[in-house]
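Below: the structure, in structure tokens.
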Amino acid sequence: MTPDNTGRSNCPSWFRAAALVGLVIRLYFVFFTEGTYDIRLWTRHAEGVAQNGLIAHYRADAFMNHPPAIAAVAAGVLKLSAASGIPFRVLWRLPFALLDIATALLLLLLMGHRKDRFAVAAGYWLNPLAMILSAYHGNVDVAVAFFLVLCVYLLSRDRAAWAGAAIGLSLWIKLPALLAAPAVFFWLPTWRRKLEFTFAAGLAALAGYLPALAADPAIVYRKVFAYQGLLLQTAGGVKVWGMGTFMPVIQRLANPWRAGLVHPAIVLYNHDVAIALVSLFAVGWLRRRERTIEGLGLTLAAVYTILYGFSDSCSFQYFAWSLPFWFFAGRVFALLASLLAGGYVYSLYAYLCGNPWLWGEWDFAGHAYWPPFVEILRSMSVLFFFGAGVAFLARATAREVKAWRTRRAGSPVP
């Protein structure tokens with residue numbers, strides 16, 4: 001925290017209280033809850049890697065799609081759990097819950113020039129979705145957010161190479177930061193900075209993959225780099241996410257509404273990943289002239305919003321990737337995204353656990369059908385991210401067209 005001219009910290013007392021509340025809730029989740037099925041999966045992966053080795057586990061387990069470095073860390077955590085008697089679920093989630101502190105502090109530093117910087121940092125730190133995904137869920141996605149925010153912070157200090165290294169290191173844990181890399185590349189003002197960023201990112205990433213690639217490059221590519229996510233749904237056919245959830249509704253519409261919507265819906269459903277990737281790449285390029293850090297933060301919010309809105313291959317924890325950047329997109333966006341996505345995830349998890357405190361077993365398989373209010377929140381969340389993604393893309397396109405017309409007219413582009 002920055003001191004005032006009396007030498008005292010200008011951190012308000014309410015922010016300290018908010019920091020304590022967020023920490024207590026995260027520690028509660030870590031020590032007193034079981035987490036989701038991801039805890040079981042990571043335990044299985046840790047056991048497989050520890051007993052059979054990484055490459056053998058890649059070959060044996062259809063659900064093993066994690067990078068080599070984090071797989072080795074999981075095996076080490078399992079050994080520490082056995083030696084200490086502390087449950088794996090605690091040791092596995094605690095570092096990521098604490099890593100969220102660093103993300104919040106970096107966000108505070110990035111917002112240092114704004115009067116509402118403490119409110120923004122508290123908005124992230126106390127966000128129920130951030131708390132659930134960092135300390136309860138049991139996966140590693142919160143690390144993606146940390147490295148992305150670290151990358152942007154380093155860029156704010158004109159450290160392009162170090163920012164690239166942050167992206168490269170994030171790939172040791174999970175790959176989604178790759179989706180942000182093109183936008184950062186386009187945003188960098190000179191080719192020297194672009195090359196520094198790219199070279200450092202590639203070198204840092206390669207260091208974490210080289211031993212596994214040397215052992216079996218084909219299996220690493222197939223299990224890690226070619227993984228596209230899952231289309232999750234319950235045993236009763238309730239879809240977790242995506243515009244595909246609206247297909248039954250569209251098919252029940254009367255003509256001409258049904259005739260006009262069925263074909264576009266089918267195209268989006270069948271080619272959702274390709275459409276999302278092309279669109280998020282496009283929005284990164286279209287917003288390349290937004291040279292401020294705030295502009296870059298908004299661009300990254302747009303990139304992941306498009307992914308969430310256009311792709312059906314989405315899991316609950318994916319929201320963690322971009323949650324800090326929602327605050328760069330404005331208060332209204334951050335509030336609506338947090339209320340809808342956070343309300344959806346929390347209400348579903350409370351239903352699956354059978355209580356609002358998320359005690360006991362998170363039983364996804366045992367709940368084939370969901371209450372109407374959970375499905376309504378899911379549908380509203382999908383529509384929000386789809387609509388916001390379209391709006392981000394349309395606005396960026398309109399600004400680029402305006403800039404192109406200005407250039408043709410011979411006037412300087414602002």
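Every chain in the structure tokens has a letter given in the order shown (A, B, ...), and although residue numbers restart at 1 in each chain, ligands are simply numbered from 1 in the order shown.
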Mind checking DSSP for segment 290-349 of chain A and telling me the alpha helix (DSSP H) residues as a PDB file with all heavy atoms, in the first residue's frame?
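Once written, states_19.pdb looks like this:
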```
ATOM      1  N   ILE A 293      -2.974   0.588 -20.578  1.00  0.00           N
ATOM      2  CA  ILE A 293      -3.129  -0.650 -19.818  1.00  0.00           C
ATOM      3  C   ILE A 293      -4.604  -0.946 -19.591  1.00  0.00           C
ATOM      4  O   ILE A 293      -5.036  -2.113 -19.655  1.00  0.00           O
ATOM      5  CB  ILE A 293      -2.368  -0.539 -18.482  1.00  0.00           C
ATOM      6  CG1 ILE A 293      -0.863  -0.587 -18.748  1.00  0.00           C
ATOM      7  CG2 ILE A 293      -2.769  -1.662 -17.523  1.00  0.00           C
ATOM      8  CD1 ILE A 293      -0.367  -1.889 -19.358  1.00  0.00           C
ATOM      9  N   GLU A 294      -5.391   0.101 -19.352  1.00  0.00           N
ATOM     10  CA  GLU A 294      -6.833  -0.102 -19.198  1.00  0.00           C
ATOM     11  C   GLU A 294      -7.435  -0.675 -20.478  1.00  0.00           C
ATOM     12  O   GLU A 294      -8.317  -1.540 -20.437  1.00  0.00           O
ATOM     13  CB  GLU A 294      -7.522   1.212 -18.844  1.00  0.00           C
ATOM     14  CG  GLU A 294      -7.220   1.730 -17.452  1.00  0.00           C
ATOM     15  CD  GLU A 294      -5.884   2.469 -17.392  1.00  0.00           C
ATOM     16  OE1 GLU A 294      -5.203   2.574 -18.436  1.00  0.00           O
ATOM     17  OE2 GLU A 294      -5.517   2.935 -16.298  1.00  0.00           O
ATOM     18  N   GLY A 295      -6.942  -0.181 -21.622  1.00  0.00           N
ATOM     19  CA  GLY A 295      -7.429  -0.709 -22.891  1.00  0.00           C
ATOM     20  C   GLY A 295      -7.071  -2.164 -23.088  1.00  0.00           C
ATOM     21  O   GLY A 295      -7.871  -2.961 -23.586  1.00  0.00           O
ATOM     22  N   LEU A 296      -5.856  -2.544 -22.688  1.00  0.00           N
ATOM     23  CA  LEU A 296      -5.445  -3.943 -22.794  1.00  0.00           C
ATOM     24  C   LEU A 296      -6.286  -4.818 -21.861  1.00  0.00           C
ATOM     25  O   LEU A 296      -6.703  -5.919 -22.246  1.00  0.00           O
ATOM     26  CB  LEU A 296      -3.965  -4.090 -22.461  1.00  0.00           C
ATOM     27  CG  LEU A 296      -3.411  -5.521 -22.464  1.00  0.00           C
ATOM     28  CD1 LEU A 296      -3.594  -6.176 -23.824  1.00  0.00           C
ATOM     29  CD2 LEU A 296      -1.941  -5.531 -22.046  1.00  0.00           C
ATOM     30  N   GLY A 297      -6.522  -4.327 -20.638  1.00  0.00           N
ATOM     31  CA  GLY A 297      -7.353  -5.086 -19.710  1.00  0.00           C
ATOM     32  C   GLY A 297      -8.742  -5.328 -20.260  1.00  0.00           C
ATOM     33  O   GLY A 297      -9.300  -6.428 -20.141  1.00  0.00           O
ATOM     34  N   LEU A 298      -9.319  -4.304 -20.889  1.00  0.00           N
ATOM     35  CA  LEU A 298     -10.646  -4.463 -21.492  1.00  0.00           C
ATOM     36  C   LEU A 298     -10.595  -5.448 -22.657  1.00  0.00           C
ATOM     37  O   LEU A 298     -11.509  -6.261 -22.843  1.00  0.00           O
ATOM     38  CB  LEU A 298     -11.164  -3.107 -21.958  1.00  0.00           C
ATOM     39  CG  LEU A 298     -12.671  -2.998 -22.227  1.00  0.00           C
ATOM     40  CD1 LEU A 298     -13.115  -1.539 -22.132  1.00  0.00           C
ATOM     41  CD2 LEU A 298     -13.056  -3.554 -23.595  1.00  0.00           C
ATOM     42  N   THR A 299      -9.515  -5.388 -23.433  1.00  0.00           N
ATOM     43  CA  THR A 299      -9.371  -6.331 -24.543  1.00  0.00           C
ATOM     44  C   THR A 299      -9.342  -7.768 -24.041  1.00  0.00           C
ATOM     45  O   THR A 299      -9.995  -8.659 -24.622  1.00  0.00           O
ATOM     46  CB  THR A 299      -8.088  -6.038 -25.337  1.00  0.00           C
ATOM     47  OG1 THR A 299      -8.153  -4.712 -25.870  1.00  0.00           O
ATOM     48  CG2 THR A 299      -7.916  -7.030 -26.486  1.00  0.00           C
ATOM     49  N   LEU A 300      -8.621  -8.028 -22.962  1.00  0.00           N
ATOM     50  CA  LEU A 300      -8.557  -9.388 -22.424  1.00  0.00           C
ATOM     51  C   LEU A 300      -9.914  -9.814 -21.870  1.00  0.00           C
ATOM     52  O   LEU A 300     -10.298 -10.985 -21.986  1.00  0.00           O
ATOM     53  CB  LEU A 300      -7.479  -9.470 -21.349  1.00  0.00           C
ATOM     54  CG  LEU A 300      -6.054  -9.200 -21.838  1.00  0.00           C
ATOM     55  CD1 LEU A 300      -5.051  -9.430 -20.721  1.00  0.00           C
ATOM     56  CD2 LEU A 300      -5.703 -10.070 -23.043  1.00  0.00           C
ATOM     57  N   ALA A 301     -10.644  -8.880 -21.266  1.00  0.00           N
ATOM     58  CA  ALA A 301     -12.007  -9.201 -20.838  1.00  0.00           C
ATOM     59  C   ALA A 301     -12.852  -9.592 -22.037  1.00  0.00           C
ATOM     60  O   ALA A 301     -13.641 -10.545 -21.986  1.00  0.00           O
ATOM     61  CB  ALA A 301     -12.621  -8.005 -20.109  1.00  0.00           C
ATOM     62  N   ALA A 302     -12.693  -8.863 -23.148  1.00  0.00           N
ATOM     63  CA  ALA A 302     -13.459  -9.154 -24.363  1.00  0.00           C
ATOM     64  C   ALA A 302     -13.089 -10.514 -24.942  1.00  0.00           C
ATOM     65  O   ALA A 302     -13.957 -11.279 -25.386  1.00  0.00           O
ATOM     66  CB  ALA A 302     -13.224  -8.052 -25.397  1.00  0.00           C
ATOM     67  N   VAL A 303     -11.793 -10.840 -24.942  1.00  0.00           N
ATOM     68  CA  VAL A 303     -11.317 -12.113 -25.495  1.00  0.00           C
ATOM     69  C   VAL A 303     -11.996 -13.282 -24.800  1.00  0.00           C
ATOM     70  O   VAL A 303     -12.551 -14.190 -25.455  1.00  0.00           O
ATOM     71  CB  VAL A 303      -9.783 -12.207 -25.362  1.00  0.00           C
ATOM     72  CG1 VAL A 303      -9.315 -13.651 -25.518  1.00  0.00           C
ATOM     73  CG2 VAL A 303      -9.100 -11.315 -26.386  1.00  0.00           C
ATOM     74  N   TYR A 304     -11.986 -13.277 -23.477  1.00  0.00           N
ATOM     75  CA  TYR A 304     -12.557 -14.415 -22.752  1.00  0.00           C
ATOM     76  C   TYR A 304     -14.079 -14.368 -22.711  1.00  0.00           C
ATOM     77  O   TYR A 304     -14.737 -15.424 -22.642  1.00  0.00           O
ATOM     78  CB  TYR A 304     -11.956 -14.492 -21.349  1.00  0.00           C
ATOM     79  CG  TYR A 304     -10.515 -14.927 -21.378  1.00  0.00           C
ATOM     80  CD1 TYR A 304      -9.477 -14.008 -21.276  1.00  0.00           C
ATOM     81  CD2 TYR A 304     -10.173 -16.264 -21.558  1.00  0.00           C
ATOM     82  CE1 TYR A 304      -8.148 -14.401 -21.335  1.00  0.00           C
ATOM     83  CE2 TYR A 304      -8.845 -16.670 -21.609  1.00  0.00           C
ATOM     84  CZ  TYR A 304      -7.843 -15.737 -21.502  1.00  0.00           C
ATOM     85  OH  TYR A 304      -6.530 -16.145 -21.566  1.00  0.00           O
ATOM     86  N   THR A 305     -14.651 -13.179 -22.780  1.00  0.00           N
ATOM     87  CA  THR A 305     -16.109 -13.082 -22.882  1.00  0.00           C
ATOM     88  C   THR A 305     -16.595 -13.744 -24.151  1.00  0.00           C
ATOM     89  O   THR A 305     -17.606 -14.466 -24.155  1.00  0.00           O
ATOM     90  CB  THR A 305     -16.544 -11.608 -22.848  1.00  0.00           C
ATOM     91  OG1 THR A 305     -16.235 -11.058 -21.565  1.00  0.00           O
ATOM     92  CG2 THR A 305     -18.046 -11.468 -23.091  1.00  0.00           C
ATOM     93  N   ILE A 306     -15.894 -13.501 -25.254  1.00  0.00           N
ATOM     94  CA  ILE A 306     -16.245 -14.143 -26.520  1.00  0.00           C
ATOM     95  C   ILE A 306     -16.116 -15.656 -26.405  1.00  0.00           C
ATOM     96  O   ILE A 306     -16.983 -16.409 -26.887  1.00  0.00           O
ATOM     97  CB  ILE A 306     -15.350 -13.596 -27.650  1.00  0.00           C
ATOM     98  CG1 ILE A 306     -15.766 -12.161 -27.983  1.00  0.00           C
ATOM     99  CG2 ILE A 306     -15.406 -14.481 -28.884  1.00  0.00           C
ATOM    100  CD1 ILE A 306     -14.820 -11.441 -28.917  1.00  0.00           C
ATOM    101  N   LEU A 307     -15.063 -16.121 -25.761  1.00  0.00           N
ATOM    102  CA  LEU A 307     -14.901 -17.566 -25.577  1.00  0.00           C
ATOM    103  C   LEU A 307     -16.074 -18.146 -24.796  1.00  0.00           C
ATOM    104  O   LEU A 307     -16.662 -19.162 -25.202  1.00  0.00           O
ATOM    105  CB  LEU A 307     -13.596 -17.855 -24.846  1.00  0.00           C
ATOM    106  CG  LEU A 307     -13.329 -19.334 -24.553  1.00  0.00           C
ATOM    107  CD1 LEU A 307     -12.988 -20.078 -25.838  1.00  0.00           C
ATOM    108  CD2 LEU A 307     -12.216 -19.498 -23.537  1.00  0.00           C
ATOM    109  N   TYR A 308     -16.428 -17.525 -23.679  1.00  0.00           N
ATOM    110  CA  TYR A 308     -17.530 -18.032 -22.864  1.00  0.00           C
ATOM    111  C   TYR A 308     -18.856 -17.991 -23.636  1.00  0.00           C
ATOM    112  O   TYR A 308     -19.665 -18.913 -23.547  1.00  0.00           O
ATOM    113  CB  TYR A 308     -17.695 -17.196 -21.587  1.00  0.00           C
ATOM    114  CG  TYR A 308     -16.486 -17.107 -20.702  1.00  0.00           C
ATOM    115  CD1 TYR A 308     -16.247 -15.965 -19.937  1.00  0.00           C
ATOM    116  CD2 TYR A 308     -15.554 -18.142 -20.613  1.00  0.00           C
ATOM    117  CE1 TYR A 308     -15.142 -15.849 -19.108  1.00  0.00           C
ATOM    118  CE2 TYR A 308     -14.440 -18.038 -19.791  1.00  0.00           C
ATOM    119  CZ  TYR A 308     -14.238 -16.891 -19.043  1.00  0.00           C
ATOM    120  OH  TYR A 308     -13.147 -16.777 -18.227  1.00  0.00           O
ATOM    121  N   GLY A 309     -19.060 -16.902 -24.362  1.00  0.00           N
ATOM    122  CA  GLY A 309     -20.343 -16.729 -25.025  1.00  0.00           C
ATOM    123  C   GLY A 309     -20.524 -17.572 -26.266  1.00  0.00           C
ATOM    124  O   GLY A 309     -21.640 -18.000 -26.569  1.00  0.00           O
ATOM    125  N   PHE A 310     -19.441 -17.819 -26.998  1.00  0.00           N
ATOM    126  CA  PHE A 310     -19.563 -18.483 -28.287  1.00  0.00           C
ATOM    127  C   PHE A 310     -19.302 -19.981 -28.220  1.00  0.00           C
ATOM    128  O   PHE A 310     -19.697 -20.706 -29.128  1.00  0.00           O
ATOM    129  CB  PHE A 310     -18.591 -17.866 -29.294  1.00  0.00           C
ATOM    130  CG  PHE A 310     -18.929 -16.461 -29.713  1.00  0.00           C
ATOM    131  CD1 PHE A 310     -19.893 -15.726 -29.043  1.00  0.00           C
ATOM    132  CD2 PHE A 310     -18.276 -15.865 -30.775  1.00  0.00           C
ATOM    133  CE1 PHE A 310     -20.202 -14.424 -29.419  1.00  0.00           C
ATOM    134  CE2 PHE A 310     -18.564 -14.564 -31.158  1.00  0.00           C
ATOM    135  CZ  PHE A 310     -19.533 -13.846 -30.480  1.00  0.00           C
ATOM    136  N   ARG A 331     -18.044  -0.933 -14.434  1.00  0.00           N
ATOM    137  CA  ARG A 331     -18.767  -1.418 -13.266  1.00  0.00           C
ATOM    138  C   ARG A 331     -19.992  -2.243 -13.641  1.00  0.00           C
ATOM    139  O   ARG A 331     -20.292  -3.246 -12.988  1.00  0.00           O
ATOM    140  CB  ARG A 331     -19.191  -0.225 -12.403  1.00  0.00           C
ATOM    141  CG  ARG A 331     -18.024   0.563 -11.821  1.00  0.00           C
ATOM    142  CD  ARG A 331     -18.514   1.765 -11.051  1.00  0.00           C
ATOM    143  NE  ARG A 331     -17.409   2.566 -10.531  1.00  0.00           N
ATOM    144  CZ  ARG A 331     -17.565   3.693  -9.861  1.00  0.00           C
ATOM    145  NH1 ARG A 331     -18.785   4.166  -9.638  1.00  0.00           N
ATOM    146  NH2 ARG A 331     -16.508   4.369  -9.436  1.00  0.00           N
ATOM    147  N   VAL A 332     -20.716  -1.796 -14.663  1.00  0.00           N
ATOM    148  CA  VAL A 332     -21.946  -2.505 -15.039  1.00  0.00           C
ATOM    149  C   VAL A 332     -21.624  -3.913 -15.507  1.00  0.00           C
ATOM    150  O   VAL A 332     -22.255  -4.895 -15.092  1.00  0.00           O
ATOM    151  CB  VAL A 332     -22.714  -1.730 -16.123  1.00  0.00           C
ATOM    152  CG1 VAL A 332     -23.894  -2.545 -16.627  1.00  0.00           C
ATOM    153  CG2 VAL A 332     -23.190  -0.380 -15.579  1.00  0.00           C
ATOM    154  N   PHE A 333     -20.611  -4.033 -16.382  1.00  0.00           N
ATOM    155  CA  PHE A 333     -20.221  -5.359 -16.861  1.00  0.00           C
ATOM    156  C   PHE A 333     -19.758  -6.237 -15.704  1.00  0.00           C
ATOM    157  O   PHE A 333     -20.178  -7.394 -15.583  1.00  0.00           O
ATOM    158  CB  PHE A 333     -19.106  -5.244 -17.900  1.00  0.00           C
ATOM    159  CG  PHE A 333     -18.640  -6.572 -18.430  1.00  0.00           C
ATOM    160  CD1 PHE A 333     -19.222  -7.119 -19.559  1.00  0.00           C
ATOM    161  CD2 PHE A 333     -17.633  -7.295 -17.795  1.00  0.00           C
ATOM    162  CE1 PHE A 333     -18.808  -8.358 -20.045  1.00  0.00           C
ATOM    163  CE2 PHE A 333     -17.212  -8.523 -18.266  1.00  0.00           C
ATOM    164  CZ  PHE A 333     -17.808  -9.062 -19.387  1.00  0.00           C
ATOM    165  N   ALA A 334     -18.867  -5.696 -14.859  1.00  0.00           N
ATOM    166  CA  ALA A 334     -18.345  -6.486 -13.742  1.00  0.00           C
ATOM    167  C   ALA A 334     -19.464  -6.927 -12.809  1.00  0.00           C
ATOM    168  O   ALA A 334     -19.476  -8.074 -12.345  1.00  0.00           O
ATOM    169  CB  ALA A 334     -17.307  -5.670 -12.967  1.00  0.00           C
ATOM    170  N   LEU A 335     -20.408  -6.037 -12.540  1.00  0.00           N
ATOM    171  CA  LEU A 335     -21.513  -6.372 -11.633  1.00  0.00           C
ATOM    172  C   LEU A 335     -22.411  -7.441 -12.233  1.00  0.00           C
ATOM    173  O   LEU A 335     -22.733  -8.436 -11.571  1.00  0.00           O
ATOM    174  CB  LEU A 335     -22.315  -5.115 -11.316  1.00  0.00           C
ATOM    175  CG  LEU A 335     -23.508  -5.305 -10.369  1.00  0.00           C
ATOM    176  CD1 LEU A 335     -23.036  -5.790  -9.000  1.00  0.00           C
ATOM    177  CD2 LEU A 335     -24.300  -4.001 -10.238  1.00  0.00           C
ATOM    178  N   LEU A 336     -22.815  -7.256 -13.493  1.00  0.00           N
ATOM    179  CA  LEU A 336     -23.713  -8.225 -14.118  1.00  0.00           C
ATOM    180  C   LEU A 336     -23.027  -9.581 -14.296  1.00  0.00           C
ATOM    181  O   LEU A 336     -23.639 -10.631 -14.035  1.00  0.00           O
ATOM    182  CB  LEU A 336     -24.191  -7.698 -15.471  1.00  0.00           C
ATOM    183  CG  LEU A 336     -25.175  -6.537 -15.423  1.00  0.00           C
ATOM    184  CD1 LEU A 336     -25.494  -6.045 -16.832  1.00  0.00           C
ATOM    185  CD2 LEU A 336     -26.466  -6.945 -14.708  1.00  0.00           C
ATOM    186  N   ALA A 337     -21.770  -9.576 -14.743  1.00  0.00           N
ATOM    187  CA  ALA A 337     -21.051 -10.840 -14.916  1.00  0.00           C
ATOM    188  C   ALA A 337     -20.906 -11.567 -13.594  1.00  0.00           C
ATOM    189  O   ALA A 337     -21.093 -12.796 -13.513  1.00  0.00           O
ATOM    190  CB  ALA A 337     -19.679 -10.577 -15.531  1.00  0.00           C
ATOM    191  N   SER A 338     -20.595 -10.819 -12.531  1.00  0.00           N
ATOM    192  CA  SER A 338     -20.410 -11.442 -11.218  1.00  0.00           C
ATOM    193  C   SER A 338     -21.723 -11.972 -10.666  1.00  0.00           C
ATOM    194  O   SER A 338     -21.770 -13.073 -10.110  1.00  0.00           O
ATOM    195  CB  SER A 338     -19.796 -10.424 -10.247  1.00  0.00           C
ATOM    196  OG  SER A 338     -18.528 -10.001 -10.698  1.00  0.00           O
ATOM    197  N   LEU A 339     -22.789 -11.182 -10.802  1.00  0.00           N
ATOM    198  CA  LEU A 339     -24.087 -11.615 -10.276  1.00  0.00           C
ATOM    199  C   LEU A 339     -24.618 -12.829 -11.023  1.00  0.00           C
ATOM    200  O   LEU A 339     -25.118 -13.783 -10.400  1.00  0.00           O
ATOM    201  CB  LEU A 339     -25.099 -10.466 -10.359  1.00  0.00           C
ATOM    202  CG  LEU A 339     -24.908  -9.317  -9.369  1.00  0.00           C
ATOM    203  CD1 LEU A 339     -25.919  -8.208  -9.650  1.00  0.00           C
ATOM    204  CD2 LEU A 339     -25.056  -9.810  -7.928  1.00  0.00           C
ATOM    205  N   LEU A 340     -24.508 -12.810 -12.339  1.00  0.00           N
ATOM    206  CA  LEU A 340     -25.082 -13.905 -13.134  1.00  0.00           C
ATOM    207  C   LEU A 340     -24.224 -15.164 -13.045  1.00  0.00           C
ATOM    208  O   LEU A 340     -24.710 -16.233 -12.657  1.00  0.00           O
ATOM    209  CB  LEU A 340     -25.241 -13.459 -14.581  1.00  0.00           C
ATOM    210  CG  LEU A 340     -26.312 -12.395 -14.821  1.00  0.00           C
ATOM    211  CD1 LEU A 340     -26.276 -11.891 -16.253  1.00  0.00           C
ATOM    212  CD2 LEU A 340     -27.699 -12.940 -14.493  1.00  0.00           C
ATOM    213  N   ALA A 341     -22.938 -15.049 -13.410  1.00  0.00           N
ATOM    214  CA  ALA A 341     -22.071 -16.233 -13.368  1.00  0.00           C
ATOM    215  C   ALA A 341     -21.863 -16.704 -11.934  1.00  0.00           C
ATOM    216  O   ALA A 341     -21.908 -17.906 -11.646  1.00  0.00           O
ATOM    217  CB  ALA A 341     -20.729 -15.924 -14.031  1.00  0.00           C
ATOM    218  N   GLY A 342     -21.629 -15.755 -11.013  1.00  0.00           N
ATOM    219  CA  GLY A 342     -21.452 -16.126  -9.613  1.00  0.00           C
ATOM    220  C   GLY A 342     -22.707 -16.710  -9.012  1.00  0.00           C
ATOM    221  O   GLY A 342     -22.663 -17.697  -8.269  1.00  0.00           O
ATOM    222  N   GLY A 343     -23.857 -16.113  -9.333  1.00  0.00           N
ATOM    223  CA  GLY A 343     -25.124 -16.648  -8.834  1.00  0.00           C
ATOM    224  C   GLY A 343     -25.400 -18.036  -9.368  1.00  0.00           C
ATOM    225  O   GLY A 343     -25.879 -18.913  -8.634  1.00  0.00           O
ATOM    226  N   TYR A 344     -25.084 -18.243 -10.647  1.00  0.00           N
ATOM    227  CA  TYR A 344     -25.276 -19.567 -11.248  1.00  0.00           C
ATOM    228  C   TYR A 344     -24.401 -20.618 -10.573  1.00  0.00           C
ATOM    229  O   TYR A 344     -24.890 -21.670 -10.122  1.00  0.00           O
ATOM    230  CB  TYR A 344     -24.981 -19.484 -12.740  1.00  0.00           C
ATOM    231  CG  TYR A 344     -24.788 -20.822 -13.429  1.00  0.00           C
ATOM    232  CD1 TYR A 344     -25.676 -21.880 -13.212  1.00  0.00           C
ATOM    233  CD2 TYR A 344     -23.722 -21.013 -14.306  1.00  0.00           C
ATOM    234  CE1 TYR A 344     -25.489 -23.105 -13.851  1.00  0.00           C
ATOM    235  CE2 TYR A 344     -23.533 -22.221 -14.949  1.00  0.00           C
ATOM    236  CZ  TYR A 344     -24.422 -23.269 -14.721  1.00  0.00           C
ATOM    237  OH  TYR A 344     -24.226 -24.474 -15.347  1.00  0.00           O
ATOM    238  N   VAL A 345     -23.101 -20.335 -10.478  1.00  0.00           N
ATOM    239  CA  VAL A 345     -22.182 -21.327  -9.916  1.00  0.00           C
ATOM    240  C   VAL A 345     -22.490 -21.592  -8.450  1.00  0.00           C
ATOM    241  O   VAL A 345     -22.567 -22.750  -8.012  1.00  0.00           O
ATOM    242  CB  VAL A 345     -20.722 -20.873 -10.103  1.00  0.00           C
ATOM    243  CG1 VAL A 345     -19.766 -21.781  -9.333  1.00  0.00           C
ATOM    244  CG2 VAL A 345     -20.352 -20.867 -11.581  1.00  0.00           C
ATOM    245  N   TYR A 346     -22.703 -20.533  -7.677  1.00  0.00           N
ATOM    246  CA  TYR A 346     -22.969 -20.741  -6.246  1.00  0.00           C
ATOM    247  C   TYR A 346     -24.284 -21.479  -6.018  1.00  0.00           C
ATOM    248  O   TYR A 346     -24.347 -22.426  -5.217  1.00  0.00           O
ATOM    249  CB  TYR A 346     -22.991 -19.416  -5.494  1.00  0.00           C
ATOM    250  CG  TYR A 346     -23.476 -19.580  -4.069  1.00  0.00           C
ATOM    251  CD1 TYR A 346     -22.653 -20.175  -3.115  1.00  0.00           C
ATOM    252  CD2 TYR A 346     -24.772 -19.205  -3.701  1.00  0.00           C
ATOM    253  CE1 TYR A 346     -23.101 -20.377  -1.820  1.00  0.00           C
ATOM    254  CE2 TYR A 346     -25.212 -19.394  -2.405  1.00  0.00           C
ATOM    255  CZ  TYR A 346     -24.388 -19.988  -1.471  1.00  0.00           C
ATOM    256  OH  TYR A 346     -24.845 -20.202  -0.200  1.00  0.00           O
ATOM    257  N   SER A 347     -25.352 -21.075  -6.703  1.00  0.00           N
ATOM    258  CA  SER A 347     -26.651 -21.725  -6.492  1.00  0.00           C
ATOM    259  C   SER A 347     -26.599 -23.188  -6.907  1.00  0.00           C
ATOM    260  O   SER A 347     -27.186 -24.056  -6.234  1.00  0.00           O
ATOM    261  CB  SER A 347     -27.756 -20.986  -7.254  1.00  0.00           C
ATOM    262  OG  SER A 347     -27.533 -21.038  -8.656  1.00  0.00           O
ATOM    263  N   LEU A 348     -25.888 -23.493  -7.987  1.00  0.00           N
ATOM    264  CA  LEU A 348     -25.754 -24.883  -8.412  1.00  0.00           C
ATOM    265  C   LEU A 348     -24.946 -25.678  -7.406  1.00  0.00           C
ATOM    266  O   LEU A 348     -25.336 -26.789  -7.017  1.00  0.00           O
ATOM    267  CB  LEU A 348     -25.109 -24.961  -9.789  1.00  0.00           C
ATOM    268  CG  LEU A 348     -24.828 -26.380 -10.296  1.00  0.00           C
ATOM    269  CD1 LEU A 348     -26.114 -27.190 -10.406  1.00  0.00           C
ATOM    270  CD2 LEU A 348     -24.092 -26.352 -11.635  1.00  0.00           C
ATOM    271  N   TYR A 349     -23.824 -25.135  -6.960  1.00  0.00           N
ATOM    272  CA  TYR A 349     -22.986 -25.853  -6.006  1.00  0.00           C
ATOM    273  C   TYR A 349     -23.729 -26.072  -4.688  1.00  0.00           C
ATOM    274  O   TYR A 349     -23.608 -27.150  -4.079  1.00  0.00           O
ATOM    275  CB  TYR A 349     -21.693 -25.077  -5.752  1.00  0.00           C
ATOM    276  CG  TYR A 349     -20.655 -25.196  -6.847  1.00  0.00           C
ATOM    277  CD1 TYR A 349     -21.009 -25.560  -8.151  1.00  0.00           C
ATOM    278  CD2 TYR A 349     -19.315 -24.926  -6.602  1.00  0.00           C
ATOM    279  CE1 TYR A 349     -20.061 -25.650  -9.142  1.00  0.00           C
ATOM    280  CE2 TYR A 349     -18.353 -25.026  -7.607  1.00  0.00           C
ATOM    281  CZ  TYR A 349     -18.734 -25.388  -8.878  1.00  0.00           C
ATOM    282  OH  TYR A 349     -17.798 -25.486  -9.874  1.00  0.00           O
TER     283      TYR A 349
END
```
Closest pair table for segment 314-363 of chain A residues within 12 Å of segment 27-48 of chain A, only C-alpha atoms, as CSV:
```
residue,atom,partner,partner_atom,distance
A:Ser315,CA,A:Asp38,CA,11.1
A:Phe316,CA,A:Thr36,CA,10.5
A:Gln317,CA,A:Asp38,CA,10.0
A:Val345,CA,A:Thr36,CA,11.9
A:Leu348,CA,A:Thr36,CA,11.7
A:Tyr349,CA,A:Thr36,CA,8.7
A:Ala350,CA,A:Thr36,CA,11.5
A:Leu352,CA,A:Thr36,CA,9.7
A:Cys353,CA,A:Thr36,CA,9.5
A:Asn355,CA,A:Thr33,CA,11.7
A:Pro356,CA,A:Thr33,CA,11.8
A:Trp357,CA,A:Thr33,CA,8.7
A:Leu358,CA,A:Thr33,CA,6.7
A:Trp359,CA,A:Thr33,CA,5.4
A:Gly360,CA,A:Glu34,CA,6.1
A:Glu361,CA,A:Glu34,CA,6.4
A:Trp362,CA,A:Thr36,CA,5.4
A:Asp363,CA,A:Thr36,CA,8.0
```
Handout entry: Among the residues A:Leu150, A:Ile219, A:Ala207, A:Leu383, the one that comes closest to Leu109 of chain A [using only C-alpha atoms]
Key = A:Leu150
Practice task
For segment 62-69 of chain A, please output as a PyMOL selection string all residues within 7 Å (counting only C-alpha atoms; exclusion window: fewer than 5 positions along the same chain).
Solution key: chain A and resi 45+172-174+208-209+212+223-224+227
